[in-house]
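What follows is the content of entry.txt (compact mmCIF, N, CA and C atoms).
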# COMPACT_ATOMS: atom_id res chain seq x y z
N MET A 1 -7.65 4.67 30.27
CA MET A 1 -7.04 3.72 29.34
C MET A 1 -7.78 2.39 29.43
N SER A 2 -8.02 1.80 28.33
CA SER A 2 -8.77 0.55 28.26
C SER A 2 -7.87 -0.64 28.56
N ASP A 3 -8.46 -1.63 29.23
CA ASP A 3 -7.74 -2.87 29.51
C ASP A 3 -8.09 -3.95 28.49
N ALA A 4 -8.81 -3.61 27.45
CA ALA A 4 -9.23 -4.59 26.45
C ALA A 4 -8.02 -5.26 25.83
N LYS A 5 -8.16 -6.54 25.55
CA LYS A 5 -7.07 -7.31 24.95
C LYS A 5 -7.18 -7.36 23.44
N TYR A 6 -8.15 -6.65 22.89
CA TYR A 6 -8.29 -6.59 21.44
C TYR A 6 -9.00 -5.29 21.06
N HIS A 7 -8.88 -4.96 19.80
CA HIS A 7 -9.56 -3.77 19.26
C HIS A 7 -10.10 -4.12 17.88
N ILE A 8 -11.39 -4.03 17.72
CA ILE A 8 -12.01 -4.24 16.41
C ILE A 8 -12.09 -2.89 15.72
N GLN A 9 -11.49 -2.80 14.54
CA GLN A 9 -11.48 -1.54 13.80
C GLN A 9 -12.69 -1.48 12.88
N LYS A 10 -13.62 -0.63 13.18
CA LYS A 10 -14.83 -0.47 12.36
C LYS A 10 -14.80 0.81 11.54
N THR A 11 -13.91 1.72 11.89
CA THR A 11 -13.84 3.01 11.19
C THR A 11 -12.38 3.32 10.85
N PRO A 12 -11.87 2.70 9.80
CA PRO A 12 -10.48 2.98 9.41
C PRO A 12 -10.32 4.45 9.02
N PHE A 13 -9.10 4.94 9.11
CA PHE A 13 -8.79 6.29 8.65
C PHE A 13 -8.71 6.26 7.13
N VAL A 14 -9.55 7.04 6.46
CA VAL A 14 -9.53 7.10 5.00
C VAL A 14 -8.60 8.23 4.59
N VAL A 15 -7.52 7.85 3.94
CA VAL A 15 -6.51 8.81 3.51
C VAL A 15 -7.05 9.58 2.31
N PRO A 16 -7.07 10.91 2.38
CA PRO A 16 -7.54 11.68 1.23
C PRO A 16 -6.57 11.54 0.05
N THR A 17 -7.12 11.26 -1.13
CA THR A 17 -6.30 11.16 -2.34
C THR A 17 -6.93 11.99 -3.45
N ASP A 18 -6.15 12.32 -4.45
CA ASP A 18 -6.68 13.07 -5.60
C ASP A 18 -6.53 12.28 -6.90
N ASP A 19 -6.26 10.96 -6.77
CA ASP A 19 -6.04 10.15 -7.96
C ASP A 19 -7.04 8.99 -8.08
N GLY A 20 -8.10 9.02 -7.26
CA GLY A 20 -9.12 7.98 -7.36
C GLY A 20 -8.83 6.73 -6.56
N LYS A 21 -7.67 6.65 -5.93
CA LYS A 21 -7.29 5.47 -5.15
C LYS A 21 -7.93 5.56 -3.76
N TYR A 22 -8.45 4.42 -3.29
CA TYR A 22 -9.00 4.35 -1.93
C TYR A 22 -7.95 3.75 -1.01
N ILE A 23 -7.71 4.41 0.11
CA ILE A 23 -6.79 3.92 1.13
C ILE A 23 -7.51 4.00 2.47
N GLY A 24 -7.83 2.85 3.04
CA GLY A 24 -8.46 2.80 4.35
C GLY A 24 -7.49 2.15 5.33
N GLU A 25 -6.82 2.97 6.14
CA GLU A 25 -5.85 2.44 7.09
C GLU A 25 -6.58 1.94 8.33
N HIS A 26 -6.50 0.64 8.58
CA HIS A 26 -7.16 0.04 9.74
C HIS A 26 -6.30 0.17 10.99
N PHE A 27 -5.02 -0.01 10.84
CA PHE A 27 -4.08 0.14 11.95
C PHE A 27 -2.83 0.81 11.40
N GLY A 28 -2.26 1.73 12.14
CA GLY A 28 -1.06 2.42 11.70
C GLY A 28 -0.99 3.82 12.27
N LYS A 29 -0.04 4.56 11.78
CA LYS A 29 0.26 5.89 12.30
C LYS A 29 -0.95 6.83 12.23
N ALA A 30 -1.65 6.84 11.10
CA ALA A 30 -2.77 7.78 10.93
C ALA A 30 -4.03 7.34 11.68
N SER A 31 -4.24 6.03 11.84
CA SER A 31 -5.49 5.53 12.43
C SER A 31 -5.43 5.35 13.94
N ASP A 32 -4.35 4.77 14.45
CA ASP A 32 -4.28 4.53 15.89
C ASP A 32 -2.95 4.94 16.51
N GLY A 33 -2.11 5.62 15.72
CA GLY A 33 -0.85 6.13 16.24
C GLY A 33 0.29 5.14 16.27
N SER A 34 0.05 3.90 15.85
CA SER A 34 1.09 2.88 15.87
C SER A 34 2.17 3.18 14.84
N THR A 35 3.42 3.10 15.26
CA THR A 35 4.53 3.30 14.33
C THR A 35 5.21 1.97 13.98
N ALA A 36 4.79 0.89 14.64
CA ALA A 36 5.43 -0.41 14.42
C ALA A 36 4.95 -1.09 13.13
N LEU A 37 3.67 -0.91 12.80
CA LEU A 37 3.06 -1.65 11.70
C LEU A 37 1.84 -0.90 11.21
N SER A 38 1.57 -0.97 9.91
CA SER A 38 0.32 -0.44 9.38
C SER A 38 -0.33 -1.47 8.48
N ILE A 39 -1.66 -1.50 8.50
CA ILE A 39 -2.45 -2.39 7.66
C ILE A 39 -3.52 -1.54 6.98
N ALA A 40 -3.57 -1.60 5.66
CA ALA A 40 -4.53 -0.79 4.92
C ALA A 40 -5.22 -1.60 3.84
N HIS A 41 -6.51 -1.31 3.67
CA HIS A 41 -7.32 -1.85 2.58
C HIS A 41 -7.21 -0.84 1.44
N MET A 42 -6.83 -1.29 0.28
CA MET A 42 -6.57 -0.39 -0.84
C MET A 42 -7.39 -0.81 -2.06
N ILE A 43 -7.81 0.20 -2.83
CA ILE A 43 -8.46 -0.05 -4.12
C ILE A 43 -7.83 0.90 -5.13
N ALA A 44 -7.11 0.32 -6.09
CA ALA A 44 -6.49 1.12 -7.15
C ALA A 44 -7.40 1.06 -8.38
N PRO A 45 -7.87 2.22 -8.85
CA PRO A 45 -8.76 2.21 -10.01
C PRO A 45 -8.01 1.80 -11.28
N PRO A 46 -8.74 1.43 -12.32
CA PRO A 46 -8.09 1.10 -13.59
C PRO A 46 -7.23 2.27 -14.07
N HIS A 47 -6.08 1.94 -14.63
CA HIS A 47 -5.15 2.90 -15.25
C HIS A 47 -4.57 3.90 -14.26
N TRP A 48 -4.47 3.50 -13.00
CA TRP A 48 -3.87 4.32 -11.95
C TRP A 48 -2.38 4.03 -11.85
N SER A 49 -1.62 5.04 -11.47
CA SER A 49 -0.21 4.83 -11.14
C SER A 49 0.25 5.95 -10.21
N GLU A 50 1.36 5.71 -9.56
CA GLU A 50 1.97 6.74 -8.73
C GLU A 50 3.45 6.80 -9.05
N PRO A 51 4.12 7.87 -8.64
CA PRO A 51 5.54 8.01 -8.96
C PRO A 51 6.39 6.93 -8.29
N PHE A 52 7.60 6.76 -8.79
CA PHE A 52 8.56 5.88 -8.14
C PHE A 52 8.79 6.37 -6.71
N GLN A 53 9.10 5.44 -5.83
CA GLN A 53 9.40 5.76 -4.44
C GLN A 53 10.46 4.80 -3.92
N THR A 54 11.12 5.21 -2.85
CA THR A 54 12.12 4.36 -2.20
C THR A 54 11.87 4.43 -0.69
N PRO A 55 10.90 3.65 -0.20
CA PRO A 55 10.49 3.74 1.20
C PRO A 55 11.53 3.22 2.19
N GLU A 56 11.43 3.73 3.41
CA GLU A 56 12.29 3.28 4.52
C GLU A 56 11.63 2.16 5.32
N PHE A 57 10.64 1.49 4.73
CA PHE A 57 9.93 0.41 5.43
C PHE A 57 9.68 -0.73 4.46
N ASP A 58 9.55 -1.94 5.01
CA ASP A 58 9.16 -3.09 4.20
C ASP A 58 7.67 -2.96 3.89
N GLU A 59 7.29 -3.35 2.68
CA GLU A 59 5.86 -3.33 2.33
C GLU A 59 5.45 -4.68 1.77
N TYR A 60 4.41 -5.23 2.37
CA TYR A 60 3.83 -6.49 1.94
C TYR A 60 2.51 -6.18 1.26
N THR A 61 2.25 -6.78 0.11
CA THR A 61 1.01 -6.56 -0.62
C THR A 61 0.38 -7.91 -0.92
N PHE A 62 -0.92 -8.02 -0.62
CA PHE A 62 -1.69 -9.23 -0.93
C PHE A 62 -2.85 -8.81 -1.84
N ILE A 63 -2.92 -9.39 -3.04
CA ILE A 63 -3.95 -9.03 -4.02
C ILE A 63 -5.21 -9.85 -3.74
N ILE A 64 -6.32 -9.15 -3.57
CA ILE A 64 -7.61 -9.78 -3.32
C ILE A 64 -8.40 -9.95 -4.62
N GLU A 65 -8.36 -8.90 -5.45
CA GLU A 65 -9.14 -8.90 -6.70
C GLU A 65 -8.39 -8.08 -7.75
N GLY A 66 -8.39 -8.52 -8.98
CA GLY A 66 -7.73 -7.79 -10.05
C GLY A 66 -6.24 -8.10 -10.13
N LYS A 67 -5.49 -7.15 -10.72
CA LYS A 67 -4.05 -7.30 -10.89
C LYS A 67 -3.37 -5.97 -10.55
N LYS A 68 -2.11 -6.06 -10.16
CA LYS A 68 -1.32 -4.86 -9.86
C LYS A 68 0.08 -5.06 -10.41
N GLN A 69 0.64 -3.96 -10.92
CA GLN A 69 1.99 -4.02 -11.47
C GLN A 69 2.98 -3.30 -10.55
N PHE A 70 4.14 -3.90 -10.40
CA PHE A 70 5.23 -3.34 -9.62
C PHE A 70 6.43 -3.22 -10.56
N LEU A 71 7.04 -2.05 -10.65
CA LEU A 71 8.28 -1.89 -11.41
C LEU A 71 9.41 -1.82 -10.40
N ILE A 72 10.25 -2.85 -10.41
CA ILE A 72 11.39 -2.93 -9.49
C ILE A 72 12.63 -3.13 -10.34
N ASP A 73 13.60 -2.21 -10.21
CA ASP A 73 14.80 -2.26 -11.06
C ASP A 73 14.42 -2.35 -12.53
N ASP A 74 13.42 -1.57 -12.93
CA ASP A 74 12.92 -1.52 -14.32
C ASP A 74 12.34 -2.84 -14.80
N LYS A 75 12.10 -3.77 -13.89
CA LYS A 75 11.50 -5.06 -14.25
C LYS A 75 10.03 -5.05 -13.83
N PRO A 76 9.10 -5.21 -14.79
CA PRO A 76 7.69 -5.26 -14.41
C PRO A 76 7.33 -6.61 -13.79
N ILE A 77 6.68 -6.56 -12.64
CA ILE A 77 6.19 -7.75 -11.96
C ILE A 77 4.69 -7.57 -11.81
N ILE A 78 3.91 -8.53 -12.28
CA ILE A 78 2.45 -8.44 -12.22
C ILE A 78 1.93 -9.52 -11.28
N LEU A 79 1.17 -9.09 -10.29
CA LEU A 79 0.54 -10.02 -9.36
C LEU A 79 -0.95 -10.06 -9.61
N GLU A 80 -1.53 -11.24 -9.40
CA GLU A 80 -2.97 -11.45 -9.56
C GLU A 80 -3.57 -11.87 -8.23
N ALA A 81 -4.90 -11.93 -8.19
CA ALA A 81 -5.62 -12.30 -6.97
C ALA A 81 -5.04 -13.57 -6.37
N GLY A 82 -4.84 -13.55 -5.05
CA GLY A 82 -4.29 -14.69 -4.34
C GLY A 82 -2.78 -14.68 -4.21
N GLN A 83 -2.10 -13.75 -4.88
CA GLN A 83 -0.65 -13.67 -4.82
C GLN A 83 -0.22 -12.52 -3.91
N SER A 84 1.02 -12.62 -3.41
CA SER A 84 1.54 -11.58 -2.53
C SER A 84 3.01 -11.34 -2.82
N ILE A 85 3.50 -10.22 -2.30
CA ILE A 85 4.90 -9.84 -2.49
C ILE A 85 5.37 -9.08 -1.26
N LYS A 86 6.66 -9.22 -0.96
CA LYS A 86 7.32 -8.39 0.06
C LYS A 86 8.37 -7.57 -0.67
N ILE A 87 8.31 -6.26 -0.48
CA ILE A 87 9.30 -5.37 -1.07
C ILE A 87 10.09 -4.77 0.09
N LYS A 88 11.38 -5.02 0.10
CA LYS A 88 12.24 -4.61 1.21
C LYS A 88 12.45 -3.10 1.23
N ALA A 89 12.60 -2.57 2.44
CA ALA A 89 12.93 -1.16 2.63
C ALA A 89 14.16 -0.81 1.80
N GLY A 90 14.15 0.40 1.22
CA GLY A 90 15.28 0.84 0.42
C GLY A 90 15.21 0.44 -1.04
N THR A 91 14.12 -0.25 -1.44
CA THR A 91 13.95 -0.67 -2.83
C THR A 91 13.20 0.42 -3.60
N ARG A 92 13.74 0.80 -4.74
CA ARG A 92 13.05 1.77 -5.61
C ARG A 92 11.95 1.02 -6.37
N VAL A 93 10.71 1.49 -6.23
CA VAL A 93 9.56 0.78 -6.80
C VAL A 93 8.51 1.77 -7.29
N GLN A 94 7.81 1.35 -8.34
CA GLN A 94 6.63 2.10 -8.78
C GLN A 94 5.45 1.14 -8.77
N TYR A 95 4.35 1.59 -8.17
CA TYR A 95 3.11 0.82 -8.11
C TYR A 95 2.15 1.36 -9.15
N SER A 96 1.43 0.45 -9.85
CA SER A 96 0.45 0.90 -10.82
C SER A 96 -0.59 -0.19 -11.09
N ASN A 97 -1.68 0.26 -11.67
CA ASN A 97 -2.72 -0.64 -12.16
C ASN A 97 -3.02 -0.23 -13.60
N PRO A 98 -2.23 -0.72 -14.57
CA PRO A 98 -2.43 -0.34 -15.96
C PRO A 98 -3.55 -1.12 -16.65
N PHE A 99 -4.30 -1.86 -15.87
CA PHE A 99 -5.32 -2.77 -16.41
C PHE A 99 -6.70 -2.11 -16.42
N ASP A 100 -7.67 -2.80 -17.05
CA ASP A 100 -9.01 -2.25 -17.23
C ASP A 100 -9.96 -2.51 -16.06
N GLN A 101 -9.50 -3.22 -15.04
CA GLN A 101 -10.36 -3.46 -13.87
C GLN A 101 -9.65 -2.96 -12.62
N LYS A 102 -10.44 -2.65 -11.59
CA LYS A 102 -9.85 -2.18 -10.34
C LYS A 102 -9.04 -3.29 -9.69
N CYS A 103 -8.13 -2.90 -8.81
CA CYS A 103 -7.33 -3.84 -8.05
C CYS A 103 -7.61 -3.59 -6.56
N VAL A 104 -8.07 -4.63 -5.88
CA VAL A 104 -8.34 -4.56 -4.45
C VAL A 104 -7.23 -5.35 -3.75
N TYR A 105 -6.60 -4.74 -2.75
CA TYR A 105 -5.49 -5.41 -2.09
C TYR A 105 -5.31 -4.92 -0.66
N LEU A 106 -4.52 -5.67 0.08
CA LEU A 106 -4.12 -5.28 1.42
C LEU A 106 -2.65 -4.89 1.38
N SER A 107 -2.32 -3.83 2.09
CA SER A 107 -0.94 -3.39 2.21
C SER A 107 -0.55 -3.39 3.68
N VAL A 108 0.57 -4.03 4.00
CA VAL A 108 1.10 -4.05 5.35
C VAL A 108 2.50 -3.46 5.29
N CYS A 109 2.75 -2.44 6.10
CA CYS A 109 4.07 -1.82 6.14
C CYS A 109 4.67 -1.99 7.53
N GLN A 110 5.98 -2.32 7.53
CA GLN A 110 6.69 -2.50 8.80
C GLN A 110 8.05 -1.84 8.70
N PRO A 111 8.36 -0.82 9.51
CA PRO A 111 7.45 -0.14 10.41
C PRO A 111 6.31 0.51 9.63
N ALA A 112 5.39 1.13 10.35
CA ALA A 112 4.17 1.68 9.75
C ALA A 112 4.47 2.68 8.64
N PHE A 113 3.55 2.73 7.67
CA PHE A 113 3.66 3.72 6.59
C PHE A 113 3.80 5.10 7.20
N ASP A 114 4.71 5.87 6.64
CA ASP A 114 4.93 7.24 7.07
C ASP A 114 5.23 8.05 5.81
N PHE A 115 4.37 9.00 5.50
CA PHE A 115 4.54 9.77 4.26
C PHE A 115 5.91 10.44 4.19
N ASN A 116 6.47 10.79 5.34
CA ASN A 116 7.79 11.42 5.37
C ASN A 116 8.93 10.44 5.12
N LYS A 117 8.61 9.14 5.09
CA LYS A 117 9.64 8.12 4.88
C LYS A 117 9.41 7.29 3.62
N VAL A 118 8.49 7.74 2.76
CA VAL A 118 8.20 6.99 1.53
C VAL A 118 9.09 7.45 0.37
N HIS A 119 9.53 8.71 0.40
CA HIS A 119 10.47 9.28 -0.57
C HIS A 119 9.97 9.11 -2.02
N ARG A 120 8.81 9.68 -2.31
CA ARG A 120 8.28 9.67 -3.68
C ARG A 120 9.08 10.62 -4.55
N GLU A 121 9.31 10.21 -5.78
CA GLU A 121 10.02 11.06 -6.74
C GLU A 121 9.04 12.01 -7.41
N GLU A 122 9.55 13.10 -7.90
CA GLU A 122 8.70 14.04 -8.65
C GLU A 122 8.31 13.38 -9.97
N GLU A 123 7.09 13.64 -10.40
CA GLU A 123 6.64 13.03 -11.67
C GLU A 123 7.20 13.77 -12.86

Whole structure, structure tokens version:
Amino acid sequence: MSDAKYHIQKTPFVVPTDDGKYIGEHFGKASDGSTALSIAHMIAPPHWSEPFQTPEFDEYTFIIEGKKQFLIDDKPIILEAGQSIKIKAGTRVQYSNPFDQKCVYLSVCQPAFDFNKVHREEE
């Protein structure tokens, strides 16, 4: 076991997707086994979306480039570069990028993202 007081992540776990979205988890359940918190670099391609979900974790999103849409209680919320949002656990939400440019962002989940606790709806 290492006594290092820090860990530089140079090889994030790249989550396999079939929708063109890039997910590089730097810290979290899939990358280092942590269940307390996950941090992922994400790239949503133009015109991407995923089904509604009601996660059991808080999710923080910080937009680096482009725009991203969040549907919360049927209300569309659009964030642009430099903006962020916290979505509380138990909130029904749909994430999408209905725009013509990619969206680059950071996602932080607390506790860590867990596919078994995201509760995605059938499309």

Quiz item: Do you know which residues are at most 8 Å from Thr35 of chain A counting only N, CA and C atoms, after dropping those on the same chain fewer than 4 positions away, and could you put them as number ranges by chain?
Solution: A: 27-30, 109-113

Using N, CA and C atoms, can you export the residues from the last selection as a PDB file, in the coordinates of the input?
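Here's the written file out.pdb:
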ATOM      1  N   PHE A  27      -5.020  -0.010  10.840  1.00  0.00           N
ATOM      2  CA  PHE A  27      -4.080   0.140  11.950  1.00  0.00           C
ATOM      3  C   PHE A  27      -2.830   0.810  11.400  1.00  0.00           C
ATOM      4  N   GLY A  28      -2.260   1.730  12.140  1.00  0.00           N
ATOM      5  CA  GLY A  28      -1.060   2.420  11.700  1.00  0.00           C
ATOM      6  C   GLY A  28      -0.990   3.820  12.270  1.00  0.00           C
ATOM      7  N   LYS A  29      -0.040   4.560  11.780  1.00  0.00           N
ATOM      8  CA  LYS A  29       0.260   5.890  12.300  1.00  0.00           C
ATOM      9  C   LYS A  29      -0.950   6.830  12.230  1.00  0.00           C
ATOM     10  N   ALA A  30      -1.650   6.840  11.100  1.00  0.00           N
ATOM     11  CA  ALA A  30      -2.770   7.780  10.930  1.00  0.00           C
ATOM     12  C   ALA A  30      -4.030   7.340  11.680  1.00  0.00           C
ATOM     13  N   CYS A 109       2.750  -2.440   6.100  1.00  0.00           N
ATOM     14  CA  CYS A 109       4.070  -1.820   6.140  1.00  0.00           C
ATOM     15  C   CYS A 109       4.670  -1.990   7.530  1.00  0.00           C
ATOM     16  N   GLN A 110       5.980  -2.320   7.530  1.00  0.00           N
ATOM     17  CA  GLN A 110       6.690  -2.500   8.800  1.00  0.00           C
ATOM     18  C   GLN A 110       8.050  -1.840   8.700  1.00  0.00           C
ATOM     19  N   PRO A 111       8.360  -0.820   9.510  1.00  0.00           N
ATOM     20  CA  PRO A 111       7.450  -0.140  10.410  1.00  0.00           C
ATOM     21  C   PRO A 111       6.310   0.510   9.630  1.00  0.00           C
ATOM     22  N   ALA A 112       5.390   1.130  10.350  1.00  0.00           N
ATOM     23  CA  ALA A 112       4.170   1.680   9.750  1.00  0.00           C
ATOM     24  C   ALA A 112       4.470   2.680   8.640  1.00  0.00           C
ATOM     25  N   PHE A 113       3.550   2.730   7.670  1.00  0.00           N
ATOM     26  CA  PHE A 113       3.660   3.720   6.590  1.00  0.00           C
ATOM     27  C   PHE A 113       3.800   5.100   7.200  1.00  0.00           C
TER      28      PHE A 113
END

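Pairwise distance (atom N of Val15 of chain A, atom CA of Ser38 of chain A) equals 12.6 Å.
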
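Within segment 27-121 of chain A, residues classed as helix (DSSP H, G or I) by DSSP on backbone coordinates are Lys29, Ala30, Ser31, Asp32, Phe115, Asn116 and Lys117 of chain A.
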
Quiz item: What is the atom CA of Glu80 of chain A to atom N of Lys67 of chain A distance in Å?
Solution: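 The value is 5.1 Å.
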
Quiz item: How many Å separate atom CA of Ile63 of chain A from atom CA of Ser84 of chain A?
Solution: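 About the pair atom CA of Ile63 of chain A and atom CA of Ser84 of chain A: they are 6.2 Å apart.
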
Quiz item: Using only C-alpha atoms, what residues lie at most 12 Å away from (-10.1, 9.0, 10.7) (file coordinates), given as a PyMOL selection string?
Solution: chain A and resi 9-16+23-33

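Taking all atoms listed in the file, the non-local environment of segment 88-101 of chain A within 7 Å (same-chain residues fewer than 6 positions away omitted) comprises Ala44, Pro45, Pro46, His47, Trp48, Ser49, Glu50, Pro51, Phe52, Gln53, Thr54, Pro55, Glu56, Phe57, Asp58, Glu59, Gly66, Lys67, Lys68, Gln69, Phe70, Leu71, Ile72 and Asp73 of chain A.
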
Writer output for current selection, N, CA and C atoms, as an mmCIF file, in the frame of the given file:
data_model
loop_
_atom_site.group_PDB
_atom_site.id
_atom_site.type_symbol
_atom_site.label_atom_id
_atom_site.label_comp_id
_atom_site.auth_asym_id
_atom_site.auth_seq_id
_atom_site.Cartn_x
_atom_site.Cartn_y
_atom_site.Cartn_z
ATOM 1 N N ALA A 44 -7.110 0.320 -6.090
ATOM 2 C CA ALA A 44 -6.490 1.120 -7.150
ATOM 3 C C ALA A 44 -7.400 1.060 -8.380
ATOM 4 N N PRO A 45 -7.870 2.220 -8.850
ATOM 5 C CA PRO A 45 -8.760 2.210 -10.010
ATOM 6 C C PRO A 45 -8.010 1.800 -11.280
ATOM 7 N N PRO A 46 -8.740 1.430 -12.320
ATOM 8 C CA PRO A 46 -8.090 1.100 -13.590
ATOM 9 C C PRO A 46 -7.230 2.270 -14.070
ATOM 10 N N HIS A 47 -6.080 1.940 -14.630
ATOM 11 C CA HIS A 47 -5.150 2.900 -15.250
ATOM 12 C C HIS A 47 -4.570 3.900 -14.260
ATOM 13 N N TRP A 48 -4.470 3.500 -13.000
ATOM 14 C CA TRP A 48 -3.870 4.320 -11.950
ATOM 15 C C TRP A 48 -2.380 4.030 -11.850
ATOM 16 N N SER A 49 -1.620 5.040 -11.470
ATOM 17 C CA SER A 49 -0.210 4.830 -11.140
ATOM 18 C C SER A 49 0.250 5.950 -10.210
ATOM 19 N N GLU A 50 1.360 5.710 -9.560
ATOM 20 C CA GLU A 50 1.970 6.740 -8.730
ATOM 21 C C GLU A 50 3.450 6.800 -9.050
ATOM 22 N N PRO A 51 4.120 7.870 -8.640
ATOM 23 C CA PRO A 51 5.540 8.010 -8.960
ATOM 24 C C PRO A 51 6.390 6.930 -8.290
ATOM 25 N N PHE A 52 7.600 6.760 -8.790
ATOM 26 C CA PHE A 52 8.560 5.880 -8.140
ATOM 27 C C PHE A 52 8.790 6.370 -6.710
ATOM 28 N N GLN A 53 9.100 5.440 -5.830
ATOM 29 C CA GLN A 53 9.400 5.760 -4.440
ATOM 30 C C GLN A 53 10.460 4.800 -3.920
ATOM 31 N N THR A 54 11.120 5.210 -2.850
ATOM 32 C CA THR A 54 12.120 4.360 -2.200
ATOM 33 C C THR A 54 11.870 4.430 -0.690
ATOM 34 N N PRO A 55 10.900 3.650 -0.200
ATOM 35 C CA PRO A 55 10.490 3.740 1.200
ATOM 36 C C PRO A 55 11.530 3.220 2.190
ATOM 37 N N GLU A 56 11.430 3.730 3.410
ATOM 38 C CA GLU A 56 12.290 3.280 4.520
ATOM 39 C C GLU A 56 11.630 2.160 5.320
ATOM 40 N N PHE A 57 10.640 1.490 4.730
ATOM 41 C CA PHE A 57 9.930 0.410 5.430
ATOM 42 C C PHE A 57 9.680 -0.730 4.460
ATOM 43 N N ASP A 58 9.550 -1.940 5.010
ATOM 44 C CA ASP A 58 9.160 -3.090 4.200
ATOM 45 C C ASP A 58 7.670 -2.960 3.890
ATOM 46 N N GLU A 59 7.290 -3.350 2.680
ATOM 47 C CA GLU A 59 5.860 -3.330 2.330
ATOM 48 C C GLU A 59 5.450 -4.680 1.770
ATOM 49 N N GLY A 66 -8.390 -8.520 -8.980
ATOM 50 C CA GLY A 66 -7.730 -7.790 -10.050
ATOM 51 C C GLY A 66 -6.240 -8.100 -10.130
ATOM 52 N N LYS A 67 -5.490 -7.150 -10.720
ATOM 53 C CA LYS A 67 -4.050 -7.300 -10.890
ATOM 54 C C LYS A 67 -3.370 -5.970 -10.550
ATOM 55 N N LYS A 68 -2.110 -6.060 -10.160
ATOM 56 C CA LYS A 68 -1.320 -4.860 -9.860
ATOM 57 C C LYS A 68 0.080 -5.060 -10.410
ATOM 58 N N GLN A 69 0.640 -3.960 -10.920
ATOM 59 C CA GLN A 69 1.990 -4.020 -11.470
ATOM 60 C C GLN A 69 2.980 -3.300 -10.550
ATOM 61 N N PHE A 70 4.140 -3.900 -10.400
ATOM 62 C CA PHE A 70 5.230 -3.340 -9.620
ATOM 63 C C PHE A 70 6.430 -3.220 -10.560
ATOM 64 N N LEU A 71 7.040 -2.050 -10.650
ATOM 65 C CA LEU A 71 8.280 -1.890 -11.410
ATOM 66 C C LEU A 71 9.410 -1.820 -10.400
ATOM 67 N N ILE A 72 10.250 -2.850 -10.410
ATOM 68 C CA ILE A 72 11.390 -2.930 -9.490
ATOM 69 C C ILE A 72 12.630 -3.130 -10.340
ATOM 70 N N ASP A 73 13.600 -2.210 -10.210
ATOM 71 C CA ASP A 73 14.800 -2.260 -11.060
ATOM 72 C C ASP A 73 14.420 -2.350 -12.530
#

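Checking A:Pro76, A:Tyr60, A:Gln83, A:Tyr22 one by one against Leu37 of chain A, counting only C-alpha atoms, you find the shortest gap at A:Tyr60.
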
Quiz prompt | Long-range neighbours of Tyr105 of chain A as a VMD selection string, 6.5 Å cut-off, all atoms listed in the file, 5 positions minimum in chain | solution = chain A and resid 40 to 44 61 to 65
